file query_25.txt (compact mmCIF, C-alpha atoms)
# COMPACT_ATOMS: atom_id res chain seq x y z
CA MET V 27 93.46 137.42 98.63
CA THR V 28 89.90 137.62 97.54
CA SER V 29 87.33 137.47 100.28
CA ALA V 30 86.18 134.11 98.93
CA ALA V 31 89.56 132.66 99.79
CA LEU V 32 89.06 133.61 103.43
CA LEU V 33 85.99 131.44 103.77
CA PRO V 34 86.58 128.17 105.60
CA LEU V 35 88.49 125.75 103.45
CA ARG V 36 86.43 122.60 103.37
CA TRP V 37 87.60 119.18 102.34
CA ARG V 38 86.48 118.24 98.85
CA THR V 39 86.49 114.88 97.16
CA ALA V 40 88.51 115.03 93.97
CA THR V 41 88.79 112.41 91.26
CA VAL V 42 92.02 111.55 89.50
CA ILE V 43 91.37 112.12 85.80
CA ALA V 44 94.91 111.76 84.44
CA ARG V 45 98.35 110.55 85.47
CA ARG V 46 101.39 111.76 83.58
CA PRO V 47 104.89 110.45 84.26
CA GLU V 48 107.26 113.42 84.09
CA THR V 49 110.63 111.86 84.97
CA PRO V 50 111.65 108.52 86.52
CA HIS V 51 110.85 109.91 90.00
CA VAL V 52 108.12 112.45 89.28
CA ALA V 53 104.56 112.27 88.02
CA THR V 54 101.71 114.70 87.61
CA LEU V 55 98.22 113.88 88.83
CA VAL V 56 95.36 115.83 87.33
CA LEU V 57 92.36 115.99 89.64
CA ASP V 58 88.82 117.00 88.90
CA VAL V 59 87.59 118.96 91.91
CA PRO V 60 83.84 119.64 91.74
CA GLY V 61 83.11 123.15 93.04
CA TRP V 62 86.75 124.26 92.80
CA PRO V 63 86.67 128.04 93.43
CA GLY V 64 89.70 128.78 91.24
CA HIS V 65 93.23 129.63 92.30
CA LYS V 66 96.14 131.95 91.75
CA ALA V 67 99.38 130.70 90.29
CA GLY V 68 101.69 129.60 93.09
CA GLN V 69 99.03 128.46 95.55
CA HIS V 70 98.93 124.95 96.98
CA VAL V 71 96.49 122.31 98.16
CA ASP V 72 96.45 120.03 101.17
CA LEU V 73 95.85 116.38 100.36
CA ARG V 74 94.42 114.02 102.96
CA LEU V 75 94.73 110.24 102.76
CA THR V 76 92.65 108.13 105.13
CA ALA V 77 93.29 104.46 105.94
CA ALA V 78 90.45 102.06 106.66
CA ASP V 79 90.97 102.40 110.43
CA GLY V 80 90.68 106.19 110.28
CA TYR V 81 94.41 106.98 110.34
CA GLU V 82 95.11 110.09 108.27
CA ALA V 83 98.12 111.53 106.54
CA GLN V 84 98.16 115.04 105.10
CA ARG V 85 100.66 116.72 102.81
CA SER V 86 100.81 120.00 100.88
CA TYR V 87 101.44 120.12 97.13
CA SER V 88 101.94 123.13 94.93
CA ILE V 89 99.40 123.49 92.17
CA ALA V 90 101.18 123.15 88.84
CA SER V 91 98.27 124.13 86.60
CA ALA V 92 96.93 127.54 85.73
CA ASN V 93 93.40 128.32 86.86
CA ASP V 94 91.40 126.07 84.56
CA GLY V 95 87.85 125.24 85.56
CA THR V 96 87.67 122.34 88.00
CA ALA V 97 90.91 120.64 86.94
CA VAL V 98 93.84 120.95 89.34
CA ALA V 99 97.24 119.42 88.57
CA ILE V 100 99.83 118.54 91.20
CA THR V 101 103.31 117.26 90.47
CA VAL V 102 104.62 114.73 92.96
CA GLU V 103 108.25 113.81 93.50
CA ARG V 104 109.12 110.53 95.17
CA VAL V 105 110.54 111.01 98.66
CA ALA V 106 112.62 107.93 99.47
CA ASP V 107 111.00 106.14 102.43
CA GLY V 108 108.14 108.62 102.22
CA GLU V 109 104.64 107.69 103.27
CA VAL V 110 102.54 109.71 100.86
CA SER V 111 104.55 110.32 97.68
CA PRO V 112 105.26 106.62 96.93
CA PHE V 113 101.56 105.91 97.43
CA LEU V 114 100.56 108.70 95.04
CA LEU V 115 103.14 107.57 92.45
CA ASP V 116 102.70 103.80 92.69
CA ASP V 117 99.20 103.07 93.90
CA VAL V 118 96.87 105.84 92.77
CA ARG V 119 95.03 105.20 89.51
CA VAL V 120 92.79 107.22 87.25
CA SER V 121 89.24 107.39 88.69
CA ASP V 122 90.43 107.06 92.31
CA ASP V 123 89.05 109.62 94.76
CA LEU V 124 91.34 111.77 96.91
CA GLU V 125 90.40 114.37 99.50
CA LEU V 126 91.86 117.84 99.21
CA ARG V 127 91.30 121.38 100.33
CA GLY V 128 92.47 124.67 98.97
CA PRO V 129 93.56 126.84 97.37
CA ILE V 130 95.96 127.81 100.13
CA GLY V 131 98.55 130.55 100.34
CA GLY V 132 98.47 134.24 99.58
CA TYR V 133 102.16 135.05 99.51
CA PHE V 134 104.01 132.90 97.00
CA VAL V 135 101.46 133.76 94.33
CA TRP V 136 101.43 135.58 91.05
CA SER V 137 98.66 137.06 88.99
CA LEU V 138 98.74 139.26 85.93
CA GLU V 139 98.12 142.41 88.00
CA ASP V 140 101.48 141.82 89.69
CA GLY V 141 102.99 142.55 86.28
CA ASN V 142 106.69 143.29 86.25
CA PRO V 143 109.49 141.31 84.75
CA LEU V 144 109.37 137.92 86.39
CA LEU V 145 112.47 136.00 87.37
CA LEU V 146 111.67 132.44 88.37
CA ILE V 147 114.37 130.28 89.91
CA ALA V 148 113.61 126.64 90.58
CA GLY V 149 115.53 123.74 92.03
CA GLY V 150 114.26 120.23 91.23
CA SER V 151 110.53 119.80 91.82
CA GLY V 152 110.44 123.43 92.99
CA VAL V 153 109.57 124.06 89.36
CA ALA V 154 105.93 123.03 90.01
CA PRO V 155 104.63 126.42 91.22
CA MET V 156 106.77 128.11 88.55
CA MET V 157 104.91 126.05 85.96
CA SER V 158 101.65 127.34 87.36
CA ILE V 159 102.99 130.88 86.98
CA LEU V 160 104.27 130.27 83.43
CA ARG V 161 101.02 128.59 82.39
CA ALA V 162 98.99 131.48 83.84
CA ARG V 163 101.31 133.93 82.09
CA ALA V 164 100.91 132.10 78.78
CA GLN V 165 97.15 132.78 78.94
CA ALA V 166 97.69 136.54 79.09
CA LEU V 167 97.30 138.75 76.04
CA LYS V 168 100.22 140.96 77.01
CA PRO V 169 102.37 138.89 79.34
CA PRO V 170 105.20 140.54 81.27
CA ALA V 171 108.74 139.49 80.39
CA ALA V 172 109.67 136.30 82.21
CA ARG V 173 112.78 134.22 82.66
CA LEU V 174 113.27 130.86 84.29
CA LEU V 175 116.50 129.52 85.74
CA TYR V 176 115.94 125.86 86.48
CA SER V 177 118.44 123.60 88.21
CA SER V 178 118.20 119.82 87.87
CA ARG V 179 120.51 116.93 88.67
CA ASP V 180 120.65 115.72 85.07
CA GLN V 181 118.73 115.99 81.81
CA ALA V 182 116.46 113.06 82.66
CA SER V 183 115.31 114.90 85.79
CA ILE V 184 114.08 118.01 84.01
CA ILE V 185 110.35 118.15 84.66
CA TYR V 186 108.01 119.61 81.98
CA ARG V 187 110.92 119.80 79.51
CA ASP V 188 108.86 119.58 76.31
CA GLU V 189 106.27 122.07 77.47
CA LEU V 190 108.91 124.50 78.70
CA ASP V 191 110.80 124.30 75.41
CA GLY V 192 107.52 124.84 73.58
CA MET V 193 106.83 127.95 75.65
CA THR V 194 110.26 129.34 74.88
CA ALA V 195 109.68 128.93 71.17
CA ALA V 196 106.39 130.85 71.29
CA THR V 197 106.07 134.58 70.65
CA ASP V 198 106.47 136.42 73.99
CA GLY V 199 107.63 133.12 75.51
CA PRO V 200 109.85 133.07 78.58
CA ARG V 201 113.60 132.78 78.31
CA ILE V 202 114.80 129.63 80.02
CA LEU V 203 118.24 128.65 81.27
CA TYR V 204 118.65 125.10 82.51
CA THR V 205 121.55 124.10 84.66
CA LEU V 206 122.67 120.58 85.54
CA THR V 207 124.42 119.77 88.81
CA ARG V 208 125.33 116.08 88.29
CA GLU V 209 125.80 115.62 84.55
CA ARG V 210 128.01 117.21 81.91
CA PRO V 211 126.50 116.30 78.54
CA VAL V 212 128.72 116.44 75.46
CA VAL V 213 126.19 118.65 73.71
CA TRP V 214 124.50 121.13 76.01
CA SER V 215 123.47 124.74 75.56
CA GLY V 216 122.54 125.35 79.21
CA ALA V 217 124.66 126.03 82.24
CA LEU V 218 126.53 123.55 84.43
CA GLY V 219 126.79 123.44 88.18
CA ARG V 220 124.79 124.93 91.01
CA VAL V 221 123.01 128.24 90.53
CA ASP V 222 125.45 131.07 91.21
CA ARG V 223 125.64 134.82 90.73
CA VAL V 224 127.13 134.49 87.24
CA MET V 225 124.11 132.45 86.14
CA LEU V 226 121.72 134.85 87.86
CA GLU V 227 123.31 137.77 86.02
CA ARG V 228 123.23 135.85 82.74
CA ILE V 229 119.49 135.12 82.90
CA GLY V 230 118.19 137.76 85.31
CA PHE V 231 117.00 141.32 84.88
CA PRO V 232 118.92 144.36 86.04
CA PRO V 233 117.66 145.30 89.52
CA THR V 234 116.72 148.71 88.08
CA ASP V 235 113.91 146.95 86.15
CA ASP V 236 112.33 146.22 89.57
CA PRO V 237 111.95 142.51 88.83
CA LEU V 238 109.79 140.26 90.95
CA ALA V 239 111.72 137.12 91.85
CA TYR V 240 110.26 133.75 92.89
CA VAL V 241 112.58 131.11 94.30
CA CYS V 242 111.45 127.57 95.09
CA GLY V 243 113.45 124.47 95.87
CA PRO V 244 115.22 122.67 98.68
CA THR V 245 116.15 124.86 101.63
CA PRO V 246 119.92 125.23 100.99
CA PHE V 247 119.15 126.11 97.36
CA VAL V 248 116.64 128.79 98.34
CA GLU V 249 118.90 130.20 101.06
CA GLN V 250 121.80 130.56 98.62
CA VAL V 251 119.80 131.94 95.70
CA ALA V 252 117.92 134.47 97.83
CA ALA V 253 121.18 135.68 99.39
CA ASP V 254 122.76 135.96 95.91
CA LEU V 255 119.80 137.98 94.62
CA VAL V 256 120.09 140.37 97.55
CA ALA V 257 123.83 140.70 96.87
CA LEU V 258 123.08 141.47 93.20
CA GLY V 259 120.84 144.34 94.27
CA TYR V 260 117.36 142.81 94.12
CA ALA V 261 115.01 144.38 96.66
CA GLU V 262 114.39 141.96 99.53
CA GLU V 263 110.66 142.59 99.52
CA ARG V 264 110.57 141.63 95.82
CA ILE V 265 112.02 138.18 96.47
CA ARG V 266 109.40 135.56 97.31
CA THR V 267 110.61 132.21 98.50
CA GLU V 268 109.15 128.80 99.10
CA ARG V 269 111.23 126.01 100.60
CA PHE V 270 110.67 122.32 100.85
CA GLY V 271 112.52 119.30 102.04
CA PRO V 272 114.83 118.68 104.95
CA THR V 273 117.48 121.18 105.91
CA GLY V 274 120.34 118.96 104.81
CA ALA V 275 118.94 118.05 101.40
CA ASN V 276 120.66 119.06 98.20
CA MET F 14 85.22 110.03 106.25
CA VAL F 15 86.43 109.17 102.76
CA ILE F 16 88.65 106.07 102.82
CA THR F 17 91.52 106.33 100.33
CA ARG F 18 91.60 103.15 98.25
CA GLY F 19 94.74 101.14 98.94
CA PHE F 20 96.15 103.47 101.60
CA SER F 21 97.27 101.70 104.76
CA GLY F 22 99.45 104.42 106.26
CA ARG F 23 102.90 103.18 107.11
CA GLY F 24 103.99 106.47 108.62
CA ARG F 25 101.92 106.24 111.76
CA PRO F 26 103.89 107.19 114.83
CA ALA F 27 105.05 104.40 117.12
CA GLY F 28 102.73 103.82 120.07
CA GLN F 29 104.77 105.74 122.61
CA TYR F 30 104.62 108.87 120.43
CA SER F 31 101.08 108.66 119.14
CA GLY F 32 99.67 110.93 121.84
CA ARG F 33 102.22 113.58 120.96
CA VAL F 34 101.45 113.96 117.26
CA PRO F 35 98.47 116.24 116.53
CA PRO F 36 95.97 115.34 113.79
CA GLY F 37 97.31 115.56 110.24
CA GLN F 38 100.93 115.84 111.41
CA HIS F 39 103.83 113.45 110.85
CA LEU F 40 107.12 113.09 112.68
CA VAL F 41 110.40 114.36 111.26
CA SER F 42 113.89 113.95 112.63
CA ASP F 43 115.44 116.86 110.74
CA PHE F 44 114.46 120.50 111.13
CA PRO F 45 112.82 121.92 108.01
CA VAL F 46 113.00 125.65 107.28
CA LEU F 47 110.07 127.68 105.98
CA THR F 48 110.36 131.38 105.50
CA ALA F 49 108.68 133.87 103.21
CA GLY F 50 111.69 135.67 101.78
CA PRO F 51 115.44 136.05 102.09
CA THR F 52 116.96 135.29 105.48
CA PRO F 53 117.84 138.52 107.30
CA ARG F 54 121.24 138.62 108.97
CA THR F 55 121.43 140.99 111.92
CA HIS F 56 124.75 141.46 113.66
CA LEU F 57 124.56 141.26 117.41
CA GLU F 58 125.91 144.79 117.90
CA HIS F 59 122.93 146.12 115.88
CA TRP F 60 120.41 143.82 117.53
CA SER F 61 117.88 144.98 120.08
CA LEU F 62 114.61 143.72 121.47
CA SER F 63 111.90 146.16 122.41
CA LEU F 64 108.76 145.72 124.45
CA ARG F 65 106.20 148.34 123.49
CA ASP F 66 102.65 149.29 124.31
CA ALA F 67 100.37 151.53 122.26
CA GLU F 68 102.24 154.69 123.27
CA ARG F 69 105.86 153.97 123.94
CA ASP F 70 108.81 151.67 124.35
CA LEU F 71 108.60 149.98 127.72
CA THR F 72 112.12 148.67 127.42
CA VAL F 73 114.76 148.29 124.73
CA LEU F 74 117.29 145.56 125.37
CA SER F 75 120.68 145.27 123.75
CA TRP F 76 122.14 141.82 123.18
CA ALA F 77 124.17 142.21 126.39
CA ASP F 78 121.07 143.32 128.33
CA PHE F 79 119.20 140.30 127.01
CA GLU F 80 122.00 137.88 127.88
CA ALA F 81 122.09 139.30 131.43
CA LEU F 82 118.46 138.27 132.05
CA PRO F 83 117.74 134.87 133.62
CA GLN F 84 118.25 132.16 130.99
CA SER F 85 115.79 129.27 130.87
CA GLU F 86 115.83 125.97 129.04
CA MET F 87 112.74 124.41 127.51
CA THR F 88 112.39 120.89 126.07
CA THR F 89 109.29 120.69 123.95
CA ASP F 90 107.58 119.30 120.86
CA ILE F 91 107.01 121.63 117.91
CA HIS F 92 104.35 121.45 115.21
CA CYS F 93 104.53 123.21 111.84
CA VAL F 94 101.35 123.95 109.89
CA THR F 95 103.06 122.38 106.85
CA LYS F 96 102.44 119.06 108.62
CA TRP F 97 105.70 118.18 110.37
CA THR F 98 106.11 117.60 114.06
CA LYS F 99 109.45 117.37 115.82
CA LEU F 100 109.71 115.93 119.33
CA ASP F 101 111.91 116.84 122.27
CA THR F 102 113.53 119.97 120.85
CA VAL F 103 115.76 121.78 123.35
CA TRP F 104 115.80 125.57 123.50
CA ARG F 105 117.44 128.22 125.63
CA GLY F 106 116.41 131.81 126.02
CA VAL F 107 114.54 134.23 128.22
CA THR F 108 110.92 133.56 129.11
CA VAL F 109 108.40 136.28 128.36
CA ASP F 110 107.73 136.31 132.11
CA ASP F 111 111.35 137.26 132.75
CA LEU F 112 111.30 139.85 129.95
CA LEU F 113 108.29 141.51 131.57
CA LYS F 114 109.85 141.29 135.02
CA GLY F 115 113.10 142.73 133.66
CA ALA F 116 111.13 145.68 132.31
CA GLY F 117 109.68 146.26 135.78
CA LEU F 118 106.17 145.19 134.77
CA THR F 119 104.07 143.22 137.20
CA ASN F 120 101.25 142.77 134.70
CA PRO F 121 101.40 142.45 130.90
CA PRO F 122 100.53 145.84 129.35
CA GLY F 123 97.76 144.51 127.07
CA ARG F 124 95.78 141.41 126.14
CA PHE F 125 97.43 140.74 122.78
CA VAL F 126 100.91 140.90 121.32
CA THR F 127 102.11 141.47 117.81
CA ALA F 128 105.61 140.08 117.39
CA GLU F 129 107.62 142.25 114.98
CA CYS F 130 110.61 140.87 113.14
CA ASP F 131 113.48 141.71 110.85
CA GLY F 132 112.27 141.41 107.27
CA GLY F 133 108.84 142.82 108.19
CA TYR F 134 107.25 139.56 109.37
CA THR F 135 104.59 139.85 112.07
CA THR F 136 102.43 137.42 114.00
CA ASN F 137 99.75 137.95 116.61
CA LEU F 138 99.23 136.13 119.88
CA PRO F 139 97.09 136.42 122.99
CA VAL F 140 99.26 137.46 125.94
CA ALA F 141 97.83 134.54 127.93
CA ASP F 142 99.69 132.22 125.54
CA LEU F 143 103.03 133.87 126.24
CA ILE F 144 103.13 134.06 130.03
CA ASP F 145 103.34 131.56 132.90
CA GLY F 146 106.30 129.79 131.35
CA LYS F 147 104.54 129.05 128.07
CA ALA F 148 106.85 131.03 125.76
CA MET F 149 110.32 132.48 125.45
CA VAL F 150 112.56 134.50 123.19
CA ALA F 151 115.01 131.75 122.27
CA THR F 152 118.63 132.22 121.23
CA HIS F 153 119.87 128.63 121.37
CA PHE F 154 118.68 125.38 119.83
CA GLY F 155 120.14 122.03 120.86
CA GLY F 156 122.86 123.82 122.82
CA ASP F 157 124.10 125.92 119.89
CA PRO F 158 123.34 129.52 118.95
CA LEU F 159 120.35 129.70 116.61
CA THR F 160 121.45 129.88 112.97
CA PRO F 161 120.00 132.68 110.81
CA ALA F 162 117.96 130.17 108.79
CA HIS F 163 116.22 129.04 111.98
CA GLY F 164 115.58 132.58 113.19
CA GLY F 165 118.87 133.52 114.81
CA PRO F 166 119.98 135.46 116.63
CA ALA F 167 116.62 135.28 118.43
CA ARG F 168 113.16 133.93 117.73
CA LEU F 169 109.98 133.66 119.64
CA LEU F 170 109.16 130.15 120.87
CA VAL F 171 105.47 129.41 121.52
CA PRO F 172 105.53 125.64 121.17
CA HIS F 173 101.88 124.90 121.93
CA LEU F 174 100.78 126.78 118.79
CA TYR F 175 101.65 126.07 115.14
CA PHE F 176 105.23 127.08 114.58
CA TRP F 177 104.59 130.12 112.37
CA LYS F 178 103.62 131.80 115.66
CA SER F 179 107.19 131.23 116.88
CA ALA F 180 108.37 134.20 114.85
CA LYS F 181 111.94 134.15 113.56
CA TRP F 182 114.27 137.16 113.91
CA VAL F 183 112.02 138.74 116.53
CA ARG F 184 112.92 142.34 117.43
CA GLY F 185 109.83 143.63 119.17
CA LEU F 186 106.83 142.60 121.20
CA HIS F 187 104.07 145.13 120.72
CA PHE F 188 101.38 144.84 123.41
CA CYS F 189 97.88 146.04 122.58
CA ASP F 190 94.29 145.48 123.64
CA ARG F 191 93.01 144.28 120.27
CA ASP F 192 94.10 141.29 118.22
CA HIS F 193 95.57 142.43 114.88
CA PRO F 194 96.14 139.61 112.36
CA GLY F 195 99.81 139.27 111.43
CA PHE F 196 101.46 138.27 108.14
CA TRP F 197 100.20 134.71 107.62
CA GLU F 198 97.04 135.40 109.60
CA SER F 199 96.14 138.02 106.95
CA LEU F 200 96.87 135.54 104.14
CA GLY F 201 94.39 132.83 105.02
CA TYR F 202 95.97 131.19 108.05
CA HIS F 203 94.18 130.77 111.36
CA VAL F 204 94.22 133.68 113.77
CA TYR F 205 95.12 131.45 116.77
CA GLY F 206 96.63 128.21 115.43
CA ASP F 207 96.13 125.41 117.96
CA PRO F 208 97.61 122.23 116.42
CA TRP F 209 95.50 119.93 118.61
CA ARG F 210 92.33 121.52 117.21
CA GLU F 211 93.92 121.59 113.75
CA GLN F 212 93.41 125.33 113.36
CA ARG F 213 95.45 125.68 110.18
CA TYR F 214 93.43 128.06 108.07
CA THR F 215 90.94 130.87 108.48
CA GLY F 216 87.62 129.39 109.48
CA ASP F 217 88.95 126.11 110.88
CA ALA F 218 86.97 125.53 114.06
call {"tool": "encode", "arguments": {"input": "query_25.txt", "output": "structure tokens"}}
result
Amino acid sequence: MTSAALLPLRWRTATVIARRPETPHVATLVLDVPGWPGHKAGQHVDLRLTAADGYEAQRSYSIASANDGTAVAITVERVADGEVSPFLLDDVRVSDDLELRGPIGGYFVWSLEDGNPLLLIAGGSGVAPMMSILRARAQALKPPAARLLYSSRDQASIIYRDELDGMTAATDGPRILYTLTRERPVVWSGALGRVDRVMLERIGFPPTDDPLAYVCGPTPFVEQVAADLVALGYAEERIRTERFGPTGAN
Amino acid sequence: MVITRGFSGRGRPAGQYSGRVPPGQHLVSDFPVLTAGPTPRTHLEHWSLSLRDAERDLTVLSWADFEALPQSEMTTDIHCVTKWTKLDTVWRGVTVDDLLKGAGLTNPPGRFVTAECDGGYTTNLPVADLIDGKAMVATHFGGDPLTPAHGGPARLLVPHLYFWKSAKWVRGLHFCDRDHPGFWESLGYHVYGDPWREQRYTGDA
């Protein structure tokens, strides 16, 4: 972390400048945060909502954008019966103000100096911090090799699909393998089923390349993938994980 | 205070719980897992717990040694810095008081502790927050052995501080006279972590 990041994190008032539906249950909010100090790919923000009587709710969201001036994008997935995500998806409009503080987190982060072949493994909306990493990587003149293994329920649930496919097509773009857990399309070039060792070997790097692996998704997904990577010979200290959601979620 | 347009807040805790939910937290009924890396799996025959001071091991307990110490139960609320609070969790383990007593120590051998864990995780705590029944090394949750994902076979339990202080897979308590920031404390999180004062990040009052 830079020393600036260790200064007190104060609440800032951000303005929603864009809303982008990503899938039927996911949208991206782009916020303009005056005075934003910049961030590393993989960091997150805390959002604070305050009701008229002073009641507050706070949640953390991964930053999905690369460091880009004062604009910060978060990607929000609807949590059924949730308090904050339905509000952000249904009620927040462009030009609304939201309070946030950040950037937060110095562990699940990537910057160009980290180099190395990058293996990113995402489950569902766990792709958000991976997008930040891929967008930061795309800005580099000589980006390290990168691969993304991305598990979704079905094709309609793949977040950032067009942008990811565009990245793949670019020179030095990442290799991407999608897998679907709840749909078997007639025409499909990706994988099917939950992430397993066969898929990890198909898309991953040999452990001898000393890859840096990032895994983000629901807890059972992260537990399984991290254990599989260790079994495949990845060094434990080169596997960075971030979990979200309840323990029983799939 | 910036009022969020249109936000009424339907997640507020019911009246009887409101005094038990620190600022910025919300109640959960499940038990989320947050860990910075793969889950270590230590077999009980290879497990040990050491108490150390600056110079030496004060005691090294095998699993059987640990199990032979007085077992205590604690029912408590826990608060994670990622905003969830879980009420009335039930733990079993050995209090830090009984660990010290078992090692023949009448006074803690330092003012601060660094908890050291499988996987390299560390966290720092004032000794005053570990003694007088405030903390234990827990091996059971809800009557069952702790699963590896929740820190099994043994984790620290310091329920009055944010839950990252309740280090999973604890293997050593290193007593010293100076406070050395641990893993998250070196990465922007608060050095003490009192949920009631909302000490989440470095610099929070």
call {"tool": "interface_residues", "arguments": {"input": "query_25.txt", "of": "chain V", "to": "chain F", "cutoff": "9 Å", "atoms": "all atoms listed in the file", "output": "ChimeraX atom specification"}}
result
/V:27,31-36,39,74-86,108-110,113,117-118,122-125,130-134,241,245,248-249,251-253,255-256,262-274
call {"tool": "closest_residue", "arguments": {"input": "query_25.txt", "among": "V:Pro112, V:Pro129, V:Gly68, V:Pro50", "to": "V:Trp37", "atoms": "all atoms listed in the file"}}
result
V:Pro129
call {"tool": "atom_distance", "arguments": {"input": "query_25.txt", "atom1": "atom CA of F:Pro208", "atom2": "atom CA of F:Pro35"}}
result
6.1 Å
call {"tool": "atom_distance", "arguments": {"input": "query_25.txt", "atom1": "atom CA of V:Asp191", "atom2": "atom CA of V:Asp116"}}
result
28.0 Å
call {"tool": "residues_around", "arguments": {"input": "query_25.txt", "residues": "stretch 100-113 of chain F", "least_positions_apart": "5", "cutoff": "6 Å", "atoms": "all atoms listed in the file", "output": "list of chain:residue names"}}
result
F:Gln84, F:Ser85, F:Glu86, F:Met87, F:Thr88, F:Thr89, F:Asp90, F:Leu118, F:Ile144, F:Ala148, F:Met149, F:Val150, F:Ala151, F:Thr152, F:His153, F:Phe154, F:Gly155
call {"tool": "residues_near_point", "arguments": {"input": "query_25.txt", "point": "(98.9, 140.1, 121.4)", "cutoff": "7 Å", "atoms": "all atoms listed in the file", "output": "list in words"}}
result
Arg124, Phe125, Val126, Thr127, Asn137, Leu138, Pro139, Val140, Phe188, Cys189 and Asp192 of chain F
call {"tool": "atom_distance", "arguments": {"input": "query_25.txt", "atom1": "atom CA of V:Glu139", "atom2": "atom CA of V:Pro237"}}
result
13.9 Å
call {"tool": "axis_aligned_box", "arguments": {"input": "query_25.txt", "around": "stretch 50-54 of chain V", "padding_each_side": "5 Å", "output": "lines of an AutoDock Vina configuration file"}}
result
center_x = 106.7
center_y = 111.6
center_z = 88.3
size_x = 19.9
size_y = 16.2
size_z = 13.5
call {"tool": "residues_around", "arguments": {"input": "query_25.txt", "residues": "stretch 215-221 of chain V", "least_positions_apart": "2", "cutoff": "9 Å", "atoms": "all atoms listed in the file", "output": "list in words"}}
result
Ile147, Gly149, Leu175, Tyr176, Ser177, Ser178, Ile202, Leu203, Tyr204, Thr205, Leu206, Thr207, Arg208, Glu209, Arg210, Val213, Arg223, Val224, Met225, Leu226, Phe247, Gln250 and Val251 of chain V
call {"tool": "residues_around", "arguments": {"input": "query_25.txt", "residues": "F:Val183", "least_positions_apart": "3", "cutoff": "8 Å", "atoms": "only C-alpha atoms", "output": "PyMOL selection string"}}
result
chain F and resi 62+128-131+150+164+167-169+180+186
call {"tool": "residues_around", "arguments": {"input": "query_25.txt", "residues": "F:Arg54", "least_positions_apart": "6", "cutoff": "9 Å", "atoms": "all atoms listed in the file", "output": "VMD selection string"}}
result
chain F and resid 131 161 165 to 166 182
call {"tool": "residues_around", "arguments": {"input": "query_25.txt", "residues": "V:Arg173", "least_positions_apart": "4", "cutoff": "9 Å", "atoms": "all atoms listed in the file", "output": "list in words"}}
result
Pro143, Leu144, Leu145, Leu146, Ile147, Gly199, Pro200, Arg201, Ile202, Leu203, Ile229, Gly230 and Phe231 of chain V
call {"tool": "closest_residue", "arguments": {"input": "query_25.txt", "among": "F:His187, F:Lys99, F:Leu143, F:Asp207", "to": "F:Leu71", "atoms": "only C-alpha atoms"}}
result
F:His187
call {"tool": "decode", "arguments": {"input": "query_25.txt", "residues": "stretch 80-97 of chain F", "atoms": "C-alpha atoms", "output": "short mmCIF file (atom, residue, chain, number, x, y, z; two decimals), in the first residue's frame"}}
result
data_model
loop_
_atom_site.label_atom_id
_atom_site.label_comp_id
_atom_site.auth_asym_id
_atom_site.auth_seq_id
_atom_site.Cartn_x
_atom_site.Cartn_y
_atom_site.Cartn_z
CA GLU F 80 -8.23 -31.06 25.25
CA ALA F 81 -7.14 -31.90 28.81
CA LEU F 82 -7.34 -28.23 29.86
CA PRO F 83 -10.60 -26.91 31.36
CA GLN F 84 -13.15 -26.46 28.57
CA SER F 85 -15.38 -23.39 28.65
CA GLU F 86 -18.47 -22.42 26.70
CA MET F 87 -19.16 -18.90 25.51
CA THR F 88 -22.39 -17.56 23.98
CA THR F 89 -21.72 -14.27 22.28
CA ASP F 90 -22.45 -11.93 19.38
CA ILE F 91 -19.84 -11.59 16.64
CA HIS F 92 -19.21 -8.66 14.31
CA CYS F 93 -17.29 -8.85 11.02
CA VAL F 94 -15.71 -5.74 9.53
CA THR F 95 -17.40 -6.65 6.23
CA LYS F 96 -20.61 -5.48 7.92
CA TRP F 97 -22.34 -8.62 9.19
#
